[in-house]
Structure formats: structure tokens, C-alpha cells
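Coordinates as given in work_14.pdb (PDB, C-alpha atoms):
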ATOM      1  CA  MET A 851     118.050  36.894  67.642  1.00  0.00           C
ATOM      2  CA  LYS A 852     117.080  39.475  65.024  1.00  0.00           C
ATOM      3  CA  GLU A 853     119.439  42.435  64.913  1.00  0.00           C
ATOM      4  CA  GLU A 854     117.928  45.705  66.090  1.00  0.00           C
ATOM      5  CA  ARG A 855     117.230  48.254  63.390  1.00  0.00           C
ATOM      6  CA  LEU A 856     119.282  51.449  63.276  1.00  0.00           C
ATOM      7  CA  ILE A 857     117.388  54.632  62.344  1.00  0.00           C
ATOM      8  CA  LEU A 858     119.172  57.882  61.475  1.00  0.00           C
ATOM      9  CA  VAL A 859     117.204  61.060  62.206  1.00  0.00           C
ATOM     10  CA  THR A 860     118.067  64.543  60.975  1.00  0.00           C
ATOM     11  CA  ASN A 861     116.275  67.766  59.994  1.00  0.00           C
ATOM     12  CA  ASP A 862     116.826  71.376  58.946  1.00  0.00           C
ATOM     13  CA  ASP A 863     115.232  73.143  61.936  1.00  0.00           C
ATOM     14  CA  GLY A 864     118.003  72.259  64.382  1.00  0.00           C
ATOM     15  CA  TYR A 865     118.735  69.508  66.887  1.00  0.00           C
ATOM     16  CA  ASP A 866     116.585  71.112  69.605  1.00  0.00           C
ATOM     17  CA  SER A 867     113.428  71.725  67.558  1.00  0.00           C
ATOM     18  CA  LYS A 868     109.998  70.427  68.517  1.00  0.00           C
ATOM     19  CA  GLY A 869     109.686  68.712  65.139  1.00  0.00           C
ATOM     20  CA  LEU A 870     112.894  66.753  65.618  1.00  0.00           C
ATOM     21  CA  ALA A 871     111.642  65.480  68.977  1.00  0.00           C
ATOM     22  CA  ALA A 872     108.516  64.280  67.140  1.00  0.00           C
ATOM     23  CA  ALA A 873     110.661  62.524  64.504  1.00  0.00           C
ATOM     24  CA  VAL A 874     112.603  60.776  67.264  1.00  0.00           C
ATOM     25  CA  GLU A 875     109.284  59.636  68.725  1.00  0.00           C
ATOM     26  CA  VAL A 876     108.469  58.046  65.359  1.00  0.00           C
ATOM     27  CA  ALA A 877     111.904  56.469  64.977  1.00  0.00           C
ATOM     28  CA  ARG A 878     112.088  54.959  68.467  1.00  0.00           C
ATOM     29  CA  SER A 879     109.123  52.744  67.609  1.00  0.00           C
ATOM     30  CA  PHE A 880     111.354  50.831  65.186  1.00  0.00           C
ATOM     31  CA  GLY A 881     114.810  50.500  66.706  1.00  0.00           C
ATOM     32  CA  ARG A 882     117.911  52.259  67.954  1.00  0.00           C
ATOM     33  CA  VAL A 883     118.043  55.919  67.000  1.00  0.00           C
ATOM     34  CA  VAL A 884     121.006  58.131  66.195  1.00  0.00           C
ATOM     35  CA  VAL A 885     120.328  61.814  65.588  1.00  0.00           C
ATOM     36  CA  VAL A 886     122.760  64.009  63.676  1.00  0.00           C
ATOM     37  CA  ALA A 887     121.083  67.374  63.183  1.00  0.00           C
ATOM     38  CA  PRO A 888     122.210  70.949  62.553  1.00  0.00           C
ATOM     39  CA  GLU A 889     123.421  73.085  65.422  1.00  0.00           C
ATOM     40  CA  THR A 890     121.276  75.965  64.106  1.00  0.00           C
ATOM     41  CA  THR A 891     118.344  76.388  61.722  1.00  0.00           C
ATOM     42  CA  GLN A 892     119.250  75.440  58.138  1.00  0.00           C
ATOM     43  CA  SER A 893     115.952  75.900  56.308  1.00  0.00           C
ATOM     44  CA  GLY A 894     116.166  76.394  52.548  1.00  0.00           C
ATOM     45  CA  MET A 895     119.619  74.805  52.264  1.00  0.00           C
ATOM     46  CA  SER A 896     118.543  72.119  49.792  1.00  0.00           C
ATOM     47  CA  GLN A 897     121.594  69.959  48.864  1.00  0.00           C
ATOM     48  CA  ALA A 898     124.177  72.476  50.118  1.00  0.00           C
ATOM     49  CA  ILE A 899     127.415  71.103  51.575  1.00  0.00           C
ATOM     50  CA  THR A 900     130.168  72.822  53.551  1.00  0.00           C
ATOM     51  CA  MET A 901     133.520  72.839  51.790  1.00  0.00           C
ATOM     52  CA  TYR A 902     135.498  75.852  53.017  1.00  0.00           C
ATOM     53  CA  ASN A 903     134.812  75.956  56.762  1.00  0.00           C
ATOM     54  CA  PRO A 904     135.647  73.527  59.567  1.00  0.00           C
ATOM     55  CA  LEU A 905     132.787  71.446  60.947  1.00  0.00           C
ATOM     56  CA  TYR A 906     132.128  70.728  64.616  1.00  0.00           C
ATOM     57  CA  LEU A 907     130.326  67.714  66.077  1.00  0.00           C
ATOM     58  CA  ARG A 908     129.206  67.453  69.689  1.00  0.00           C
ATOM     59  CA  CYS A 909     127.227  64.870  71.599  1.00  0.00           C
ATOM     60  CA  VAL A 910     124.164  66.456  73.182  1.00  0.00           C
ATOM     61  CA  ARG A 911     122.518  63.430  74.749  1.00  0.00           C
ATOM     62  CA  LYS A 912     123.150  59.725  75.107  1.00  0.00           C
ATOM     63  CA  GLU A 913     120.900  57.117  76.671  1.00  0.00           C
ATOM     64  CA  GLU A 914     119.842  53.561  75.966  1.00  0.00           C
ATOM     65  CA  GLY A 915     118.577  53.368  72.408  1.00  0.00           C
ATOM     66  CA  LEU A 916     119.200  57.039  71.596  1.00  0.00           C
ATOM     67  CA  GLU A 917     122.185  59.244  70.750  1.00  0.00           C
ATOM     68  CA  VAL A 918     121.806  62.904  69.768  1.00  0.00           C
ATOM     69  CA  TYR A 919     124.566  64.867  68.041  1.00  0.00           C
ATOM     70  CA  ALA A 920     124.582  68.516  67.009  1.00  0.00           C
ATOM     71  CA  PHE A 921     126.630  69.313  63.901  1.00  0.00           C
ATOM     72  CA  SER A 922     127.683  72.732  62.661  1.00  0.00           C
ATOM     73  CA  GLY A 923     126.973  71.951  58.985  1.00  0.00           C
ATOM     74  CA  THR A 924     123.996  71.759  56.676  1.00  0.00           C
ATOM     75  CA  PRO A 925     121.383  68.977  56.692  1.00  0.00           C
ATOM     76  CA  VAL A 926     123.259  67.162  53.911  1.00  0.00           C
ATOM     77  CA  ASP A 927     126.491  67.576  55.884  1.00  0.00           C
ATOM     78  CA  CYS A 928     124.723  65.868  58.798  1.00  0.00           C
ATOM     79  CA  VAL A 929     123.811  62.839  56.679  1.00  0.00           C
ATOM     80  CA  LYS A 930     127.329  62.594  55.266  1.00  0.00           C
ATOM     81  CA  MET A 931     128.828  62.855  58.759  1.00  0.00           C
ATOM     82  CA  ALA A 932     126.583  60.038  59.967  1.00  0.00           C
ATOM     83  CA  PHE A 933     127.202  57.619  57.099  1.00  0.00           C
ATOM     84  CA  ASP A 934     130.819  58.409  56.325  1.00  0.00           C
ATOM     85  CA  TYR A 935     132.186  58.864  59.848  1.00  0.00           C
ATOM     86  CA  LEU A 936     129.967  58.334  62.870  1.00  0.00           C
ATOM     87  CA  LEU A 937     128.151  55.196  61.647  1.00  0.00           C
ATOM     88  CA  ARG A 938     130.557  54.055  58.939  1.00  0.00           C
ATOM     89  CA  GLU A 939     130.963  50.596  60.539  1.00  0.00           C
ATOM     90  CA  GLU A 940     127.205  50.054  60.928  1.00  0.00           C
ATOM     91  CA  ARG A 941     124.243  49.419  58.663  1.00  0.00           C
ATOM     92  CA  VAL A 942     121.598  52.146  58.732  1.00  0.00           C
ATOM     93  CA  ASP A 943     118.135  50.759  57.994  1.00  0.00           C
ATOM     94  CA  LEU A 944     116.226  54.014  57.489  1.00  0.00           C
ATOM     95  CA  VAL A 945     116.690  57.783  57.364  1.00  0.00           C
ATOM     96  CA  ILE A 946     113.981  60.069  58.740  1.00  0.00           C
ATOM     97  CA  SER A 947     114.337  63.792  58.053  1.00  0.00           C
ATOM     98  CA  GLY A 948     112.019  66.198  59.891  1.00  0.00           C
ATOM     99  CA  ILE A 949     109.461  66.653  61.146  1.00  0.00           C
ATOM    100  CA  ASN A 950     109.665  69.974  59.332  1.00  0.00           C
ATOM    101  CA  HIS A 951     107.776  73.045  60.496  1.00  0.00           C
ATOM    102  CA  GLY A 952     105.951  73.856  57.251  1.00  0.00           C
ATOM    103  CA  SER A 953     104.998  71.967  54.110  1.00  0.00           C
ATOM    104  CA  ASN A 954     107.559  70.775  51.571  1.00  0.00           C
ATOM    105  CA  SER A 955     105.039  70.065  48.845  1.00  0.00           C
ATOM    106  CA  ALA A 956     105.346  71.071  45.188  1.00  0.00           C
ATOM    107  CA  VAL A 957     108.504  72.965  44.184  1.00  0.00           C
ATOM    108  CA  ASN A 958     109.471  73.372  47.846  1.00  0.00           C
ATOM    109  CA  VAL A 959     111.107  69.950  47.584  1.00  0.00           C
ATOM    110  CA  LEU A 960     113.912  71.628  45.609  1.00  0.00           C
ATOM    111  CA  TYR A 961     114.617  74.262  48.252  1.00  0.00           C
ATOM    112  CA  SER A 962     114.055  72.231  51.384  1.00  0.00           C
ATOM    113  CA  GLY A 963     116.921  71.301  53.670  1.00  0.00           C
ATOM    114  CA  THR A 964     114.673  68.609  55.146  1.00  0.00           C
ATOM    115  CA  MET A 965     114.229  66.976  51.751  1.00  0.00           C
ATOM    116  CA  GLY A 966     117.859  67.619  50.827  1.00  0.00           C
ATOM    117  CA  ALA A 967     118.857  65.435  53.768  1.00  0.00           C
ATOM    118  CA  ALA A 968     116.273  62.758  52.900  1.00  0.00           C
ATOM    119  CA  ILE A 969     117.457  62.627  49.299  1.00  0.00           C
ATOM    120  CA  GLU A 970     121.064  62.396  50.457  1.00  0.00           C
ATOM    121  CA  GLY A 971     120.152  59.483  52.715  1.00  0.00           C
ATOM    122  CA  SER A 972     118.728  57.577  49.760  1.00  0.00           C
ATOM    123  CA  PHE A 973     122.136  57.774  48.059  1.00  0.00           C
ATOM    124  CA  TYR A 974     123.493  55.410  50.719  1.00  0.00           C
ATOM    125  CA  GLY A 975     121.249  52.512  49.784  1.00  0.00           C
ATOM    126  CA  CYS A 976     118.644  52.737  52.516  1.00  0.00           C
ATOM    127  CA  PRO A 977     115.080  54.045  52.355  1.00  0.00           C
ATOM    128  CA  SER A 978     114.577  57.665  53.360  1.00  0.00           C
ATOM    129  CA  VAL A 979     111.476  59.526  54.459  1.00  0.00           C
ATOM    130  CA  GLY A 980     111.119  63.287  54.675  1.00  0.00           C
ATOM    131  CA  LEU A 981     108.312  64.255  57.049  1.00  0.00           C
ATOM    132  CA  SER A 982     106.756  67.725  57.106  1.00  0.00           C
ATOM    133  CA  LEU A 983     103.791  69.311  58.873  1.00  0.00           C
ATOM    134  CA  ASP A 984     101.895  72.107  57.131  1.00  0.00           C
ATOM    135  CA  ASP A 985     102.190  74.398  60.154  1.00  0.00           C
ATOM    136  CA  HIS A 986     104.901  76.997  60.844  1.00  0.00           C
ATOM    137  CA  GLY A 987     103.579  77.902  64.296  1.00  0.00           C
ATOM    138  CA  GLU A 988     105.688  77.508  67.419  1.00  0.00           C
ATOM    139  CA  ASP A 989     102.755  75.707  69.055  1.00  0.00           C
ATOM    140  CA  ALA A 990     102.268  73.301  66.125  1.00  0.00           C
ATOM    141  CA  ASP A 991     100.605  70.013  67.088  1.00  0.00           C
ATOM    142  CA  PHE A 992     102.687  67.094  65.759  1.00  0.00           C
ATOM    143  CA  GLU A 993     100.408  64.289  66.971  1.00  0.00           C
ATOM    144  CA  ALA A 994      98.957  63.515  63.529  1.00  0.00           C
ATOM    145  CA  ALA A 995     102.390  63.751  61.892  1.00  0.00           C
ATOM    146  CA  VAL A 996     103.763  61.254  64.406  1.00  0.00           C
ATOM    147  CA  ALA A 997     100.835  58.860  63.933  1.00  0.00           C
ATOM    148  CA  TYR A 998     100.978  58.904  60.137  1.00  0.00           C
ATOM    149  CA  GLY A 999     104.775  58.955  60.184  1.00  0.00           C
ATOM    150  CA  ARG A1000     104.750  55.690  62.132  1.00  0.00           C
ATOM    151  CA  GLN A1001     102.269  54.151  59.705  1.00  0.00           C
ATOM    152  CA  ILE A1002     104.321  55.086  56.647  1.00  0.00           C
ATOM    153  CA  VAL A1003     107.664  54.083  58.167  1.00  0.00           C
ATOM    154  CA  ARG A1004     106.238  50.718  59.227  1.00  0.00           C
ATOM    155  CA  SER A1005     105.029  50.082  55.683  1.00  0.00           C
ATOM    156  CA  VAL A1006     108.465  50.929  54.277  1.00  0.00           C
ATOM    157  CA  LEU A1007     110.385  48.777  56.756  1.00  0.00           C
ATOM    158  CA  GLU A1008     108.114  45.750  56.676  1.00  0.00           C
ATOM    159  CA  ASN A1009     107.782  45.427  52.897  1.00  0.00           C
ATOM    160  CA  GLU A1010     110.203  44.755  50.069  1.00  0.00           C
ATOM    161  CA  ILE A1011     110.506  48.050  48.200  1.00  0.00           C
ATOM    162  CA  GLU A1012     112.954  48.693  45.386  1.00  0.00           C
ATOM    163  CA  LEU A1013     115.804  51.043  46.234  1.00  0.00           C
ATOM    164  CA  PRO A1014     116.671  53.858  45.988  1.00  0.00           C
ATOM    165  CA  LEU A1015     113.570  55.106  47.763  1.00  0.00           C
ATOM    166  CA  CYS A1016     112.885  58.604  49.032  1.00  0.00           C
ATOM    167  CA  LEU A1017     109.417  59.695  50.121  1.00  0.00           C
ATOM    168  CA  ASN A1018     108.265  63.276  50.519  1.00  0.00           C
ATOM    169  CA  VAL A1019     105.487  63.101  53.126  1.00  0.00           C
ATOM    170  CA  ASN A1020     103.424  66.164  54.020  1.00  0.00           C
ATOM    171  CA  VAL A1021     100.802  66.204  56.753  1.00  0.00           C
ATOM    172  CA  PRO A1022      97.979  68.779  56.879  1.00  0.00           C
ATOM    173  CA  VAL A1023      96.973  70.557  60.058  1.00  0.00           C
ATOM    174  CA  GLY A1024      94.488  68.622  62.184  1.00  0.00           C
ATOM    175  CA  ARG A1025      94.046  65.979  64.814  1.00  0.00           C
ATOM    176  CA  PRO A1026      94.706  62.376  63.732  1.00  0.00           C
ATOM    177  CA  GLY A1027      90.994  61.534  63.595  1.00  0.00           C
ATOM    178  CA  GLU A1028      90.235  64.624  61.515  1.00  0.00           C
ATOM    179  CA  LEU A1029      92.525  63.734  58.607  1.00  0.00           C
ATOM    180  CA  ARG A1030      91.147  61.749  55.690  1.00  0.00           C
ATOM    181  CA  GLY A1031      94.024  59.293  55.270  1.00  0.00           C
ATOM    182  CA  ILE A1032      97.048  58.852  53.012  1.00  0.00           C
ATOM    183  CA  ARG A1033      97.083  59.783  49.345  1.00  0.00           C
ATOM    184  CA  LEU A1034      99.876  58.753  46.956  1.00  0.00           C
ATOM    185  CA  CYS A1035     100.495  61.776  44.731  1.00  0.00           C
ATOM    186  CA  ARG A1036     102.674  63.459  42.194  1.00  0.00           C
ATOM    187  CA  GLN A1037     104.415  66.783  42.767  1.00  0.00           C
ATOM    188  CA  ASN A1038     102.290  69.811  41.980  1.00  0.00           C
ATOM    189  CA  ARG A1039     103.471  72.135  39.207  1.00  0.00           C
ATOM    190  CA  GLY A1040     103.892  75.616  40.573  1.00  0.00           C
ATOM    191  CA  PHE A1041     106.481  78.187  41.558  1.00  0.00           C
ATOM    192  CA  TRP A1042     107.233  80.919  44.049  1.00  0.00           C
ATOM    193  CA  ARG A1043     106.935  84.550  43.009  1.00  0.00           C
ATOM    194  CA  GLU A1044     109.178  86.484  45.366  1.00  0.00           C
ATOM    195  CA  GLU A1045     109.258  90.086  46.473  1.00  0.00           C
ATOM    196  CA  PHE A1046     112.118  91.949  48.122  1.00  0.00           C
ATOM    197  CA  TYR A1047     111.151  94.610  50.636  1.00  0.00           C
ATOM    198  CA  ARG A1048     113.731  97.361  50.929  1.00  0.00           C
ATOM    199  CA  HIS A1049     114.438  99.075  54.240  1.00  0.00           C
ATOM    200  CA  GLU A1050     117.188 101.195  55.734  1.00  0.00           C
ATOM    201  CA  ASP A1051     119.037 100.532  58.974  1.00  0.00           C
ATOM    202  CA  PRO A1052     119.750 103.363  61.490  1.00  0.00           C
ATOM    203  CA  ARG A1053     122.942 104.207  59.567  1.00  0.00           C
ATOM    204  CA  GLY A1054     121.158 104.615  56.264  1.00  0.00           C
ATOM    205  CA  ARG A1055     122.341 101.358  54.727  1.00  0.00           C
ATOM    206  CA  GLU A1056     119.736  99.563  52.666  1.00  0.00           C
ATOM    207  CA  TYR A1057     118.752  95.972  53.435  1.00  0.00           C
ATOM    208  CA  PHE A1058     116.122  93.606  52.104  1.00  0.00           C
ATOM    209  CA  TRP A1059     113.640  91.049  53.435  1.00  0.00           C
ATOM    210  CA  LEU A1060     112.559  88.254  51.114  1.00  0.00           C
ATOM    211  CA  THR A1061     108.902  87.299  50.978  1.00  0.00           C
ATOM    212  CA  GLY A1062     106.576  85.908  48.351  1.00  0.00           C
ATOM    213  CA  ALA A1063     103.615  83.732  47.465  1.00  0.00           C
ATOM    214  CA  PHE A1064     103.219  80.305  45.904  1.00  0.00           C
ATOM    215  CA  VAL A1065     101.535  80.176  42.482  1.00  0.00           C
ATOM    216  CA  ASN A1066      99.693  76.904  41.867  1.00  0.00           C
ATOM    217  CA  GLU A1067      99.608  76.298  38.123  1.00  0.00           C
ATOM    218  CA  GLU A1068      97.095  73.443  38.344  1.00  0.00           C
ATOM    219  CA  PRO A1069      94.703  74.109  41.240  1.00  0.00           C
ATOM    220  CA  GLU A1070      92.042  71.741  39.900  1.00  0.00           C
ATOM    221  CA  ALA A1071      94.332  68.702  39.460  1.00  0.00           C
ATOM    222  CA  GLU A1072      93.301  66.081  42.029  1.00  0.00           C
ATOM    223  CA  ASP A1073      96.401  63.879  41.816  1.00  0.00           C
ATOM    224  CA  THR A1074      98.903  66.372  43.301  1.00  0.00           C
ATOM    225  CA  ASP A1075     100.334  66.900  46.750  1.00  0.00           C
ATOM    226  CA  GLU A1076      98.914  70.421  46.966  1.00  0.00           C
ATOM    227  CA  TRP A1077      95.390  69.127  46.309  1.00  0.00           C
ATOM    228  CA  ALA A1078      95.801  66.359  48.878  1.00  0.00           C
ATOM    229  CA  LEU A1079      96.967  68.743  51.601  1.00  0.00           C
ATOM    230  CA  SER A1080      94.212  71.253  50.917  1.00  0.00           C
ATOM    231  CA  HIS A1081      91.617  68.463  51.150  1.00  0.00           C
ATOM    232  CA  GLY A1082      92.802  66.951  54.427  1.00  0.00           C
ATOM    233  CA  TYR A1083      94.960  64.092  53.132  1.00  0.00           C
ATOM    234  CA  VAL A1084      98.531  63.164  54.020  1.00  0.00           C
ATOM    235  CA  SER A1085     100.407  63.431  50.715  1.00  0.00           C
ATOM    236  CA  VAL A1086     103.132  60.920  49.821  1.00  0.00           C
ATOM    237  CA  VAL A1087     105.299  61.645  46.784  1.00  0.00           C
ATOM    238  CA  PRO A1088     108.125  59.282  45.776  1.00  0.00           C
ATOM    239  CA  VAL A1089     111.084  61.494  44.833  1.00  0.00           C
ATOM    240  CA  GLN A1090     113.800  60.756  42.301  1.00  0.00           C
ATOM    241  CA  VAL A1091     117.053  62.570  41.589  1.00  0.00           C
ATOM    242  CA  ASP A1092     117.038  62.331  37.786  1.00  0.00           C
ATOM    243  CA  LEU A1093     116.158  65.860  36.616  1.00  0.00           C
ATOM    244  CA  THR A1094     116.315  65.008  32.913  1.00  0.00           C
ATOM    245  CA  ASP A1095     113.425  66.559  30.982  1.00  0.00           C
ATOM    246  CA  TYR A1096     112.613  63.546  28.841  1.00  0.00           C
ATOM    247  CA  ARG A1097     109.864  65.430  26.986  1.00  0.00           C
ATOM    248  CA  GLN A1098     112.494  67.684  25.440  1.00  0.00           C
ATOM    249  CA  LEU A1099     114.952  65.016  24.313  1.00  0.00           C
ATOM    250  CA  GLY A1100     113.227  64.324  20.989  1.00  0.00           C
ATOM    251  CA  ALA A1101     112.663  67.978  20.118  1.00  0.00           C
ATOM    252  CA  LEU A1102     116.199  68.996  21.068  1.00  0.00           C
ATOM    253  CA  ALA A1103     117.673  66.165  19.008  1.00  0.00           C
ATOM    254  CA  LYS A1104     116.260  67.940  15.938  1.00  0.00           C
ATOM    255  CA  VAL A1105     117.420  71.394  17.066  1.00  0.00           C
ATOM    256  CA  LEU A1106     120.901  70.570  18.356  1.00  0.00           C
ATOM    257  CA  LYS A1107     122.205  68.696  15.332  1.00  0.00           C
TER     258      LYS A1107
END

Please rewrite the model in this file as C-alpha cells.
Amino acid sequence: MKEERLILVTNDDGYDSKGLAAAVEVARSFGRVVVVAPETTQSGMSQAITMYNPLYLRCVRKEEGLEVYAFSGTPVDCVKMAFDYLLREERVDLVISGINHGSNSAVNVLYSGTMGAAIEGSFYGCPSVGLSLDDHGEDADFEAAVAYGRQIVRSVLENEIELPLCLNVNVPVGRPGELRGIRLCRQNRGFWREEFYRHEDPRGREYFWLTGAFVNEEPEAEDTDEWALSHGYVSVVPVQVDLTDYRQLGALAKVLK
């Protein structure tokens, strides 16, 4: 009898988020599911790990085919806890991180705790998929993200794909029948331009709120994730860890003699 697949699910919005429940719905279509997710919201944590504080793991829920654990660390801590302790005697077939409330397209992939966890999962020799929905609302509808998440995960699991593999998947707002399909893309070139708003608390101490806007440096390029999302497509970007700027190697070889 074929051994049942084991799917690890995590996120950066917390173990009790609506998006994580949607990710579990995707994962349960393919095998046994173990969730190790942050105790509290960990958005924007990227690849952060906890080194100088104790970490606490608790079982939240256990039933046939599903175990849910809340962990006091970052999203990457959650993946490390799963692979290096909780599931160290088992083979994990896939990591799903998400479903994130809000897009992780373009440069957001560098800041995202959701993608930090997905990238970390790929280090352990199994395919990883980061799933995000371009909607920050509390009443966000995850139906399309679940439907397309299943389609993409099935394709990954049922085909021979070279490892390491990490996919950054972003789903636009809309019902499943309203979206235009899946588009394989590259990461858009852009950046965030932040602003800090200064205020004073009742005791006269200054504090700041961070806000900002995304600057798209190539709005007309039709092969990017930003273009796909804005035109109703689910964007899929394969992510790699090598940050070497190969374009500069030749020029710098002449400069740094």
C-alpha cells in the first residue's frame, strides 16, 4: 500500500488565522497534515530566527489526519521545529506556507514571513509553496486561493520536479470563475518608499507609525507577478536563494583588482 503523504503547514499570521484554515483545507486533499504555526502574528519577519529567548510549543488540536501546534517563535522557527524536532523521524513531502492575508509579490518576498517559512522548507529537500491572497480584509474570501492552491500543489506532487523548489504563489481578489488562470512569472522590480508618522502619547513621548507605498519600476512589463495580479491571473514565481548579482561580476572583476 502506498504510504500516505505528510504535508507541513505553517504561516506568519498565526495558528488561528482564517488563511491558515484555508491552507489546511488545501493540504488535507493530499495527505496527513501537521501544522506548526506562530502563536501570534509574525508578519514581516522574513528569515528571522529566535536565538536568545526560550521557545514554547503546545498542541492545539489533534484528530485523525491533522495535528495543529502553536509555537512561540517566528515562521522560520516553526519550520525548523517541525523538521528538526517534531517530525525528525518522518519524511515530509511538501511544505505549504500561508494562505497569507495580502500579496507577497515583487520585493515583498524578501520581507515576508510567509515566504521566509516556504524558503526555509525548501532547504530540507522537499518542495515548498508559499500561498498568498491579495486581500488584507478580515472578511477575505479564500475560495479561489484554495482552488488554485490545490491545482498547483497537485501539479507539484504528481510530477518530477528538480529540487530545491520554492514557489511564490499570489492569488488576486475574485471568485474562482472570475480569475483568468495561472501565469508563470518573474518577480517584479520595485521597492517600498516608507514614511514615518510622528505622534505623541499622553505623556508627551514621541512614537512613530510606519506606512508607505509600493513603487513599481516596470508597470508595463507583462511577464511579472505584479502585472499578472493586476490583470486577474494567479502569479507563480519560482524562488531561489542565491542573491549573487551575476551582472556585476564581470565589471567588479575589473574594479576590484

Skipping near chain neighbours, those fewer than 2 positions away, what residues fall within 12 Å of A:Gln892 using only C-alpha atoms, listed as a PDB file with C-alpha atoms, keeping the file's coordinate frame?
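The result, written out as part.pdb:
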ATOM      1  CA  THR A 860     118.067  64.543  60.975  1.00  0.00           C
ATOM      2  CA  ASN A 861     116.275  67.766  59.994  1.00  0.00           C
ATOM      3  CA  ASP A 862     116.826  71.376  58.946  1.00  0.00           C
ATOM      4  CA  ASP A 863     115.232  73.143  61.936  1.00  0.00           C
ATOM      5  CA  GLY A 864     118.003  72.259  64.382  1.00  0.00           C
ATOM      6  CA  TYR A 865     118.735  69.508  66.887  1.00  0.00           C
ATOM      7  CA  SER A 867     113.428  71.725  67.558  1.00  0.00           C
ATOM      8  CA  ALA A 887     121.083  67.374  63.183  1.00  0.00           C
ATOM      9  CA  PRO A 888     122.210  70.949  62.553  1.00  0.00           C
ATOM     10  CA  GLU A 889     123.421  73.085  65.422  1.00  0.00           C
ATOM     11  CA  THR A 890     121.276  75.965  64.106  1.00  0.00           C
ATOM     12  CA  GLY A 894     116.166  76.394  52.548  1.00  0.00           C
ATOM     13  CA  MET A 895     119.619  74.805  52.264  1.00  0.00           C
ATOM     14  CA  SER A 896     118.543  72.119  49.792  1.00  0.00           C
ATOM     15  CA  GLN A 897     121.594  69.959  48.864  1.00  0.00           C
ATOM     16  CA  ALA A 898     124.177  72.476  50.118  1.00  0.00           C
ATOM     17  CA  ILE A 899     127.415  71.103  51.575  1.00  0.00           C
ATOM     18  CA  PHE A 921     126.630  69.313  63.901  1.00  0.00           C
ATOM     19  CA  SER A 922     127.683  72.732  62.661  1.00  0.00           C
ATOM     20  CA  GLY A 923     126.973  71.951  58.985  1.00  0.00           C
ATOM     21  CA  THR A 924     123.996  71.759  56.676  1.00  0.00           C
ATOM     22  CA  PRO A 925     121.383  68.977  56.692  1.00  0.00           C
ATOM     23  CA  VAL A 926     123.259  67.162  53.911  1.00  0.00           C
ATOM     24  CA  ASP A 927     126.491  67.576  55.884  1.00  0.00           C
ATOM     25  CA  CYS A 928     124.723  65.868  58.798  1.00  0.00           C
ATOM     26  CA  GLY A 948     112.019  66.198  59.891  1.00  0.00           C
ATOM     27  CA  ASN A 950     109.665  69.974  59.332  1.00  0.00           C
ATOM     28  CA  HIS A 951     107.776  73.045  60.496  1.00  0.00           C
ATOM     29  CA  TYR A 961     114.617  74.262  48.252  1.00  0.00           C
ATOM     30  CA  SER A 962     114.055  72.231  51.384  1.00  0.00           C
ATOM     31  CA  GLY A 963     116.921  71.301  53.670  1.00  0.00           C
ATOM     32  CA  THR A 964     114.673  68.609  55.146  1.00  0.00           C
ATOM     33  CA  MET A 965     114.229  66.976  51.751  1.00  0.00           C
ATOM     34  CA  GLY A 966     117.859  67.619  50.827  1.00  0.00           C
ATOM     35  CA  ALA A 967     118.857  65.435  53.768  1.00  0.00           C
TER      36      ALA A 967
END

Nearest to A:Pro977, chosen from A:Thr1094, A:Ser1005, A:Ser1085, A:Thr891, with only C-alpha atoms counted in the distances: A:Ser1005

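For A:Asp991, the residues within 9 Å (counting all atoms listed in the file, excluding itself and residues fewer than 4 positions away along the chain) are Leu983, Asp985, Gly987, Ala995, Val1023, Gly1024 and Arg1025 of chain A.
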
Expected selection from the PyMOL selection byres ((chain A and resi 932) around 10), given as a PyMOL selection string: chain A and resi 858-860+884-887+919+926-931+933-938+942+971

Residue contacts of A:Thr1074 (7 Å, only C-alpha atoms) excluding same-chain residues fewer than 2 positions away, as a ChimeraX atom specification: /A:1035-1038,1071-1072,1076-1078

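You will find atom CA of A:Pro1022 at 9.5 Å from atom CA of A:Gly952.
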
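Interatomic distance, atom CA of A:Ile946 against atom CA of A:Gly1027: 23.5 Å.
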
Would you translate the PyMOL selection byres ((chain A and resi 855) around 7) into the concrete set of residues it matches in this file, as a PDB file with C-alpha atoms, in the coordinates of the input?
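Once everything was written out, this is result-v4.pdb:
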ATOM      1  CA  GLU A 853     119.439  42.435  64.913  1.00  0.00           C
ATOM      2  CA  GLU A 854     117.928  45.705  66.090  1.00  0.00           C
ATOM      3  CA  LEU A 856     119.282  51.449  63.276  1.00  0.00           C
ATOM      4  CA  ILE A 857     117.388  54.632  62.344  1.00  0.00           C
ATOM      5  CA  PHE A 880     111.354  50.831  65.186  1.00  0.00           C
ATOM      6  CA  GLY A 881     114.810  50.500  66.706  1.00  0.00           C
ATOM      7  CA  ARG A 882     117.911  52.259  67.954  1.00  0.00           C
ATOM      8  CA  ASP A 943     118.135  50.759  57.994  1.00  0.00           C
TER       9      ASP A 943
END

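The coordinates place atom CA of A:Ile949 at 11.0 Å from atom CA of A:Glu993.
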
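Applied to this file, the PyMOL selection byres ((chain A and resi 1046) around 8) selects the residues Glu1044, Glu1045, Tyr1047, Arg1048, Phe1058, Trp1059, Leu1060 and Thr1061 of chain A.
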
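For A:Gly1031, the non-local neighbours within 8 Å, defined as residues at least 6 positions apart in the same chain or in other chains and counting all atoms listed in the file, are Gly1082, Tyr1083 and Val1084 of chain A.
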
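Closest approach to A:Ala871 from the set A:Val979, A:Val1003, A:Val959, A:Val996 is made by A:Val996, with distances taken over all atoms listed in the file.
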
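When all atoms listed in the file are used to measure the gap to A:Ala968, the shortest distance among A:Ala877, A:Val883, A:Leu1079, A:Val1089 belongs to A:Val1089.
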
Pick from A:Cys976, A:Met901, A:Val1086, A:Leu960 nearest to A:Tyr998, counting all atoms listed in the file: A:Val1086

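Closest to A:Leu1007 among A:Val874, A:Ala920, A:Val945, A:Val1105 is A:Val945, based on only C-alpha atoms.
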
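Each of A:Leu1099, A:Val1006, A:Val876, A:Val1021 was compared to A:Ala990 using only C-alpha atoms, and A:Val1021 turns out to be the nearest.
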
To test the calculation: enclose all listed atoms of stretch 997-1014 of chain A in a box whose edges run along x, y and z, add 3 Å on each side, then state centre and edge lengths in Å to one decimal, as JSON.
{"center_x": 108.8, "center_y": 51.9, "center_z": 54.7, "size_x": 21.8, "size_y": 20.2, "size_z": 24.5}
